[in-house]
Every structure is written in structure tokens, then in C-alpha cells.
>>> print(open('protein.txt').read())   # compact mmCIF, C-alpha atoms
# COMPACT_ATOMS: atom_id res chain seq x y z
CA MET A 1314 32.11 -9.88 0.22
CA GLY A 1315 28.71 -9.28 1.79
CA LYS A 1316 26.30 -6.56 0.73
CA ASN A 1317 24.87 -3.83 2.96
CA ILE A 1318 21.07 -3.79 2.75
CA LEU A 1319 18.89 -0.96 4.07
CA ILE A 1320 15.14 -1.63 4.55
CA THR A 1321 12.88 1.31 5.42
CA GLY A 1322 9.49 0.94 7.07
CA ALA A 1323 10.34 0.28 10.72
CA ALA A 1324 6.81 1.09 11.89
CA GLY A 1325 5.48 -2.27 10.72
CA HIS A 1326 3.16 -2.53 7.73
CA ILE A 1327 4.06 -1.09 4.32
CA GLY A 1328 3.38 2.64 4.13
CA GLY A 1329 4.80 3.73 7.48
CA ALA A 1330 7.75 5.97 8.08
CA ALA A 1331 11.30 4.83 8.76
CA VAL A 1332 11.06 5.69 12.47
CA PRO A 1333 8.66 8.64 12.66
CA SER A 1334 8.40 9.25 16.38
CA GLU A 1335 10.42 9.21 19.60
CA GLU A 1336 7.87 6.77 21.03
CA GLN A 1337 8.61 4.26 18.27
CA VAL A 1338 12.34 4.70 18.86
CA LYS A 1339 11.78 3.71 22.50
CA THR A 1340 9.55 0.77 21.50
CA SER A 1341 12.13 -0.52 19.05
CA ALA A 1342 14.85 -0.13 21.69
CA LYS A 1343 12.96 -2.60 23.90
CA LEU A 1344 13.49 -5.19 21.18
CA GLY A 1345 17.21 -4.63 21.32
CA VAL A 1346 17.19 -2.49 18.15
CA ASN A 1347 19.68 0.36 18.36
CA MET A 1348 18.92 3.59 16.49
CA THR A 1349 21.74 5.23 14.60
CA LYS A 1350 22.34 7.80 11.90
CA LEU A 1351 23.24 6.22 8.59
CA ASP A 1352 25.82 7.05 6.01
CA LEU A 1353 23.71 6.36 2.93
CA THR A 1354 26.81 5.85 0.80
CA GLU A 1355 27.43 2.57 2.66
CA SER A 1356 24.30 0.82 1.31
CA ASP A 1357 24.42 -1.49 -1.71
CA LEU A 1358 20.71 -2.21 -1.78
CA VAL A 1359 17.77 -0.16 -0.48
CA ILE A 1360 14.27 -1.62 -0.12
CA HIS A 1361 12.07 1.43 0.40
CA THR A 1362 8.57 0.80 1.80
CA ALA A 1363 8.16 4.04 3.76
CA SER A 1364 6.94 7.60 3.03
CA SER A 1365 6.26 6.89 -0.62
CA MET A 1366 5.21 10.41 -1.59
CA ASP A 1367 8.19 12.26 -0.09
CA THR A 1368 10.64 12.68 -2.98
CA ARG A 1369 13.17 14.32 -0.65
CA ARG A 1370 13.73 11.01 1.13
CA LEU A 1371 13.70 9.15 -2.16
CA SER A 1372 16.32 11.53 -3.54
CA ALA A 1373 18.57 11.11 -0.48
CA LEU A 1374 18.42 7.31 -0.68
CA ILE A 1375 19.08 7.20 -4.42
CA ASN A 1376 21.88 9.77 -4.18
CA GLY A 1377 23.54 7.62 -1.53
CA LEU A 1378 23.33 4.56 -3.76
CA GLY A 1379 24.74 6.59 -6.63
CA GLN A 1380 27.71 7.64 -4.53
CA ARG A 1381 28.21 4.03 -3.42
CA HIS A 1382 28.26 2.92 -7.06
CA LYS A 1383 30.76 5.64 -7.94
CA ILE A 1384 33.07 4.78 -5.01
CA THR A 1385 33.06 0.98 -5.36
CA GLY A 1386 32.29 0.49 -9.03
CA GLU A 1387 29.79 -2.19 -7.96
CA GLU A 1388 26.10 -2.31 -8.91
CA THR A 1389 23.66 -0.74 -6.44
CA TYR A 1390 19.91 -1.35 -6.34
CA PHE A 1391 16.80 0.56 -5.31
CA ILE A 1392 13.58 -1.41 -4.72
CA TYR A 1393 10.45 0.67 -4.18
CA THR A 1394 6.84 -0.26 -3.34
CA SER A 1395 4.24 1.57 -5.42
CA VAL A 1396 0.45 0.97 -5.64
CA THR A 1397 -1.67 -1.08 -8.07
CA THR A 1398 -4.46 1.54 -8.13
CA MET A 1399 -2.47 3.55 -10.66
CA PHE A 1400 -3.11 0.74 -13.20
CA ALA A 1401 -6.90 1.12 -12.91
CA ALA A 1402 -9.08 3.41 -15.03
CA GLU A 1403 -10.21 5.15 -11.83
CA GLY A 1404 -6.57 5.95 -11.09
CA GLY A 1405 -6.09 7.53 -14.52
CA TRP A 1406 -4.66 4.50 -16.37
CA PRO A 1407 -5.98 4.62 -19.98
CA PHE A 1408 -4.27 1.54 -21.44
CA GLY A 1409 -6.32 -1.30 -19.95
CA GLU A 1410 -4.49 -4.58 -19.30
CA ILE A 1411 -0.81 -4.26 -18.40
CA LYS A 1412 1.93 -6.86 -18.06
CA ASP A 1413 4.87 -6.40 -15.70
CA THR A 1414 7.12 -6.94 -18.73
CA ASP A 1415 5.53 -4.06 -20.70
CA PRO A 1416 7.31 -0.68 -21.07
CA VAL A 1417 5.47 0.75 -18.06
CA TYR A 1418 7.64 3.84 -17.66
CA GLU A 1419 7.13 4.87 -21.28
CA LYS A 1420 3.37 4.49 -20.85
CA GLU A 1421 3.37 6.50 -17.61
CA LYS A 1422 5.29 9.32 -19.25
CA VAL A 1423 2.51 10.01 -21.77
CA ILE A 1424 -0.25 10.14 -19.15
CA GLU A 1425 -1.11 13.70 -18.20
CA LYS A 1426 -1.67 12.70 -14.57
CA GLY A 1427 0.78 9.82 -14.33
CA ASN A 1428 2.43 8.72 -11.11
CA PRO A 1429 5.03 11.47 -10.48
CA THR A 1430 6.84 9.43 -7.83
CA ASN A 1431 7.43 6.46 -10.14
CA ILE A 1432 8.62 8.74 -12.93
CA PHE A 1433 10.91 10.59 -10.51
CA ILE A 1434 12.50 7.32 -9.37
CA VAL A 1435 13.13 5.96 -12.86
CA GLU A 1436 14.74 9.21 -14.03
CA HIS A 1437 16.69 9.79 -10.81
CA VAL A 1438 18.23 6.30 -10.63
CA LYS A 1439 19.15 6.36 -14.32
CA ALA A 1440 21.03 9.64 -13.87
CA ARG A 1441 23.02 8.13 -10.97
CA GLY A 1442 23.79 4.72 -12.39
CA VAL A 1443 21.53 2.86 -9.95
CA ALA A 1444 19.36 -0.12 -10.94
CA SER A 1445 15.72 0.13 -9.79
CA PHE A 1446 12.75 -2.17 -9.34
CA ILE A 1447 9.27 -0.74 -8.71
CA VAL A 1448 6.89 -3.24 -7.12
CA PRO A 1449 3.18 -2.26 -7.15
CA VAL A 1450 1.56 -3.52 -3.94
CA PRO A 1451 -2.09 -4.66 -4.03
CA PHE A 1452 -4.41 -5.11 -1.04
CA PHE A 1453 -2.49 -6.23 2.01
CA TYR A 1454 -4.10 -7.53 5.14
CA GLY A 1455 -3.71 -9.55 8.28
CA ILE A 1456 -1.99 -8.76 11.55
CA GLY A 1457 1.53 -7.45 11.12
CA THR A 1458 4.53 -8.67 13.08
CA GLY A 1459 6.10 -5.20 13.45
CA GLU A 1460 6.31 -3.93 17.00
CA CYS A 1461 4.80 -0.51 16.27
CA ARG A 1462 2.15 -1.02 13.57
CA LYS A 1463 0.38 -4.36 13.60
CA GLN A 1464 -2.68 -3.43 11.54
CA SER A 1465 -3.02 -2.94 7.82
CA VAL A 1466 -4.98 0.04 6.52
CA TYR A 1467 -7.83 -0.90 4.20
CA LEU A 1468 -10.05 -3.17 6.31
CA PRO A 1469 -9.40 -1.53 9.71
CA SER A 1470 -10.46 1.90 8.38
CA HIS A 1471 -13.69 0.39 7.08
CA ILE A 1472 -14.37 -1.60 10.24
CA ARG A 1473 -14.00 1.54 12.38
CA ALA A 1474 -16.29 3.53 10.07
CA PHE A 1475 -18.93 0.79 9.89
CA THR A 1476 -18.87 0.34 13.66
CA LYS A 1477 -19.49 4.06 14.13
CA LEU A 1478 -22.26 4.12 11.49
CA LYS A 1479 -23.73 0.77 12.65
CA THR A 1480 -23.96 -0.22 8.98
CA VAL A 1481 -21.69 -1.83 6.38
CA TYR A 1482 -21.87 0.19 3.17
CA ILE A 1483 -20.86 -0.85 -0.34
CA TRP A 1484 -20.31 1.19 -3.49
CA ASP A 1485 -22.73 1.59 -6.39
CA LYS A 1486 -19.98 0.28 -8.67
CA GLU A 1487 -18.39 -3.12 -8.24
CA GLY A 1488 -14.63 -2.98 -7.88
CA ASN A 1489 -12.13 -5.62 -8.92
CA PRO A 1490 -8.79 -4.45 -7.50
CA PRO A 1491 -5.72 -5.13 -9.66
CA ALA A 1492 -3.50 -8.02 -8.51
CA ALA A 1493 -5.77 -8.94 -5.57
CA TYR A 1494 -6.81 -12.54 -4.92
CA ILE A 1495 -10.47 -11.72 -4.42
CA SER A 1496 -13.22 -11.73 -7.03
CA ASP A 1497 -14.69 -8.38 -6.03
CA VAL A 1498 -14.94 -5.94 -3.11
CA TRP A 1499 -18.67 -6.54 -2.69
CA THR A 1500 -17.94 -10.14 -1.66
CA VAL A 1501 -15.55 -8.88 1.03
CA MET A 1502 -18.01 -6.32 2.41
CA LYS A 1503 -20.92 -8.75 2.52
CA HIS A 1504 -18.75 -11.27 4.38
CA LEU A 1505 -17.55 -8.52 6.72
CA SER A 1506 -21.17 -7.50 7.36
CA ASP A 1507 -22.02 -11.03 8.53
CA VAL A 1508 -19.05 -11.05 10.91
CA MET A 1509 -19.80 -7.59 12.34
CA TYR A 1510 -23.50 -8.38 12.74
CA ALA A 1511 -22.65 -11.56 14.66
CA ARG A 1512 -20.59 -9.40 17.03
CA GLY A 1513 -23.40 -6.86 17.43
CA LEU A 1514 -21.39 -4.06 15.80
CA VAL A 1515 -23.91 -3.31 13.03
CA LYS A 1516 -27.70 -3.21 13.09
CA GLU A 1517 -28.37 -5.59 10.20
CA VAL A 1518 -26.57 -7.73 7.63
CA VAL A 1519 -27.86 -5.83 4.60
CA THR A 1520 -25.26 -3.73 2.79
CA PRO A 1521 -26.76 -0.52 1.38
CA THR A 1522 -24.79 1.69 -0.99
CA TRP A 1523 -23.02 4.79 0.28
CA PRO A 1524 -25.46 7.75 0.11
CA SER A 1525 -22.70 9.99 -1.25
CA ASP A 1526 -18.98 10.09 -1.95
CA LYS A 1527 -18.67 12.91 0.59
CA MET A 1528 -20.16 10.78 3.39
CA ALA A 1529 -17.85 7.89 2.51
CA ALA A 1530 -14.75 10.10 2.45
CA GLU A 1531 -15.59 11.63 5.82
CA ALA A 1532 -16.44 8.29 7.45
CA LEU A 1533 -13.32 6.54 6.13
CA ASP A 1534 -11.11 9.61 6.69
CA LEU A 1535 -9.94 9.52 3.08
CA PRO A 1536 -9.55 12.42 0.63
CA LEU A 1537 -12.71 13.04 -1.40
CA ALA A 1538 -10.71 13.61 -4.59
CA TYR A 1539 -9.26 10.08 -4.42
CA ILE A 1540 -12.14 8.17 -2.84
CA ARG A 1541 -13.41 6.56 -6.07
CA ALA A 1542 -9.94 5.53 -7.22
CA MET A 1543 -9.16 4.02 -3.83
CA GLU A 1544 -12.50 2.27 -3.34
CA THR A 1545 -13.93 1.24 -6.72
CA SER A 1546 -10.89 0.66 -8.90
CA SER A 1547 -10.71 -2.24 -11.32
CA GLY A 1548 -7.82 -3.28 -13.50
CA GLU A 1549 -5.85 -6.18 -14.84
CA ILE A 1550 -2.16 -6.66 -14.13
CA ILE A 1551 -0.67 -9.77 -15.70
CA ALA A 1552 2.28 -11.12 -13.72
CA ILE A 1553 4.92 -12.58 -16.01
CA ASN A 1554 7.92 -12.07 -13.75
CA ALA A 1555 6.39 -13.65 -10.63
CA PRO A 1556 6.41 -17.23 -12.00
CA ARG A 1557 9.92 -16.64 -13.35
CA LEU A 1558 10.99 -15.81 -9.80
CA ARG A 1559 9.10 -18.90 -8.54
CA TRP A 1560 6.86 -16.72 -6.36
CA ARG A 1561 3.55 -18.19 -5.25
CA PRO A 1562 0.87 -16.53 -3.06
CA GLU A 1563 0.33 -18.03 0.39
CA TRP A 1564 -3.25 -16.70 0.67
CA ASP A 1565 -6.30 -17.35 -1.49
CA GLN A 1566 -9.84 -15.96 -1.43
CA ASP A 1567 -11.17 -18.44 1.13
CA ARG A 1568 -8.35 -17.79 3.57
CA TYR A 1569 -8.82 -14.05 3.19
CA LEU A 1570 -12.58 -14.14 3.78
CA ASN A 1571 -12.14 -16.49 6.75
CA SER A 1572 -9.78 -13.95 8.35
CA MET A 1573 -12.49 -11.27 8.70
CA ASP A 1574 -13.26 -12.02 12.33
CA GLU A 1575 -9.55 -11.77 13.19
CA GLU A 1576 -9.43 -8.36 11.46
CA VAL A 1577 -12.46 -7.13 13.44
CA ARG A 1578 -11.03 -8.45 16.70
CA ALA A 1579 -7.73 -6.68 16.01
CA VAL A 1580 -9.46 -3.34 15.35
CA LEU A 1581 -11.39 -3.61 18.61
CA LYS A 1582 -8.21 -4.43 20.51
CA MET A 1583 -5.54 -2.22 18.93
CA SER A 1584 -5.04 1.51 18.66
CA THR A 1585 -5.63 3.53 15.50
CA ILE A 1586 -2.57 4.27 13.36
CA LYS A 1587 -3.06 5.85 9.94
CA ALA A 1588 -0.69 5.19 7.06
CA THR A 1589 1.57 8.09 6.22
CA ILE A 1590 0.41 8.11 2.61
CA PHE A 1591 -3.17 8.86 3.69
CA ASP A 1592 -2.01 11.82 5.77
CA ASN A 1593 -0.13 13.16 2.75
CA LEU A 1594 -3.13 12.70 0.44
CA LEU A 1595 -5.41 14.50 2.88
CA LYS A 1596 -3.00 17.43 3.04
CA LEU A 1597 -2.82 17.58 -0.75
CA ASN A 1598 -6.60 17.53 -0.96
CA LYS A 1599 -7.04 20.59 1.27
>>> encode(input="protein.txt", output="C-alpha cells")
Amino acid sequence: MGKNILITGAAGHIGGAAVPSEEQVKTSAKLGVNMTKLDLTESDLVIHTASSMDTRRLSALINGLGQRHKITGEETYFIYTSVTTMFAAEGGWPFGEIKDTDPVYEKEKVIEKGNPTNIFIVEHVKARGVASFIVPVPFFYGIGTGECRKQSVYLPSHIRAFTKLKTVYIWDKEGNPPAAYISDVWTVMKHLSDVMYARGLVKEVVTPTWPSDKMAAEALDLPLAYIRAMETSSGEIIAINAPRLRWRPEWDQDRYLNSMDEEVRAVLKMSTIKATIFDNLLKLNK
């Protein structure tokens, strides 16, 4: 017998809402996608990539899986996308290197400012007999194939800010994002500066440091309280399970750097759509 699988994140890239607006409902309808209200007790597996900070939606999805498990007696599964920043010192992680086979939940529990969403999920699924998998997502990039949101978040927000400021800025501290296939963020920004200068979007190829955290937060439209964690984080996540699952990355550093012009072209062509998580962080920061 087949399994019913529910995947949230209809807007396109990871971090969007399920279907947050009437306009996106209409856009999806053009693709032949029919919108309907769901009975969450009919799902055997939920892959949740939307509205990551809203525990009300998380609770509803997990409760539905719990009811499904109770009704059928079959295993139900909840797969959730978290962030790798939480495993960096700037994100409050005090333990240094972490393996995906380590007791991550137990470590998070003892951190004063641990990730409340991850802890909520682990405890909520356990109480309802649901199996869970939390997948921390590193940098993601490229042009999405979703009908509503085709852009990622990180590079487009920087390209828009740098275009407005006519300068590509870097941080006074070199970042090495966890689980990202780039050596450092400075390399990315210097490559981006060359591409933007060739297009006449910035005044020169030099990359000065941000004059202040406040200026960076305002230019990038990111919360000041989180700007360092989001921009300068470094950490080491050792993937043990990925090889076991026979997963291999399709991109490497060269391919990523060579895609900069495509990223710039996409920003110039497409509209601005901010990830839901950034909106939530900005509200929390006020």
C-alpha cells in the first residue's frame, strides 16, 4: 500500500510558506495545481520546509501524524529543515565540531539559548509516537524551479544592498559557514565584486569592510541582533550519515563561484521576495 506524503514550501525555495497568499494560489492554479484543505491525519510522511519558526503549524502537522499513527498502527515520519548557523559559535554553539551521529538533542538541551524549534520538535514527536529527522540546511543558491519564488535569499539580498550602496562590503571577520562547499565568504564576495563591477553596478572592485553592524543590518534588511551569526559564522559539521545514504553534492566551489553572474542577472530581472524566517526574526528583534 502506498504512503501519503505531504511536502510544505509551495512558494519555491526553502523557507517560504505553504501557500501564503491568494496571488500564489492563482499562480499555482495556472500550473494545474488544485488547492484544497487537508486532513492532516491522512499523511504518513511530512517534509516541512516552510515557516520554520511557527510552532503552531509544526504542532498541527505533528499532531496529525500522531493521530495517523494511532489510527493505522503504522510508522509516521516528520522531516524538518533547520539551519547550520546554530552549530557555529556565533549562533551560540559552545561544543565546537559536531557529527550528525552525535547526541545533538542532548547537547542542545543544555545550551541556555539553544534552538527552541528543534527542541520543540524532538519532544513533540516523541510524545506522539512519530519518528523525526531534522536536516540542517547550509547555504543554498541558484535559480529555483518553483513558480512563485525562484530566488534564494543570501546572495540576492547582498546583491541588492551592494547595488544600492555601489560597493561590495565584507566583514572584519572571515566566516567559514558550516556544511558549505566554499572555503570562506570573503572569496565569494571578492568574486561577486568582480562580476558586479563588470556590469557597472559598483564603483570599484575593492571590498572594504562594513563600517558598522548597524549599517550592514539596515542595508541587508536583517535583524541587528542576529547579523553577526548570520554573516560571520564558522563551524564544523562532520557528515557521517550522508555517505551512508550515498548522497553526493552536485556543486563544488568552482561551479558556485562561476554562477555569480547568473545570480546577479536574476536579481536584476526578478522581483524581491523575502524569506518568511527573516520577517519573523525582524519582528522578534523589534
>>> residues_around(input="protein.txt", residues="stretch 1530-1533 of chain A", least_positions_apart="5", cutoff="7 Å", atoms="only C-alpha atoms", output="PyMOL selection string")
chain A and resi 1470-1471+1474+1540
>>> write_last_selection(input="protein.txt", atoms="C-alpha atoms", output="PDB file, keeping the file's coordinate frame")
ATOM      1  CA  SER A1470     -10.460   1.900   8.380  1.00  0.00           C
ATOM      2  CA  HIS A1471     -13.690   0.390   7.080  1.00  0.00           C
ATOM      3  CA  ALA A1474     -16.290   3.530  10.070  1.00  0.00           C
ATOM      4  CA  ILE A1540     -12.140   8.170  -2.840  1.00  0.00           C
TER       5      ILE A1540
END
>>> atom_distance(input="protein.txt", atom1="atom CA of A:Thr1362", atom2="atom CA of A:Leu1374")
12.1 Å
>>> atom_distance(input="protein.txt", atom1="atom CA of A:Leu1358", atom2="atom CA of A:Ala1440")
16.9 Å
>>> closest_residue(input="protein.txt", among="A:Thr1414, A:Thr1500, A:Thr1389, A:Thr1398", to="A:Ile1483", atoms="all atoms listed in the file")
A:Thr1500
>>> closest_residue(input="protein.txt", among="A:Ala1401, A:Val1450, A:Asp1367, A:Glu1388", to="A:Thr1430", atoms="only C-alpha atoms")
A:Asp1367
>>> closest_residue(input="protein.txt", among="A:Lys1412, A:Ala1342, A:Glu1403, A:Asn1317", to="A:Ile1551", atoms="all atoms listed in the file")
A:Lys1412
>>> closest_residue(input="protein.txt", among="A:Ile1318, A:Ala1552, A:Val1481, A:Ile1375", to="A:Thr1522", atoms="only C-alpha atoms")
A:Val1481
>>> closest_residue(input="protein.txt", among="A:Met1543, A:Val1518, A:Leu1378, A:Ala1373", to="A:Glu1355", atoms="all atoms listed in the file")
A:Leu1378
>>> closest_residue(input="protein.txt", among="A:Thr1385, A:Thr1394, A:Asn1376, A:Ser1465", to="A:His1437", atoms="all atoms listed in the file")
A:Asn1376
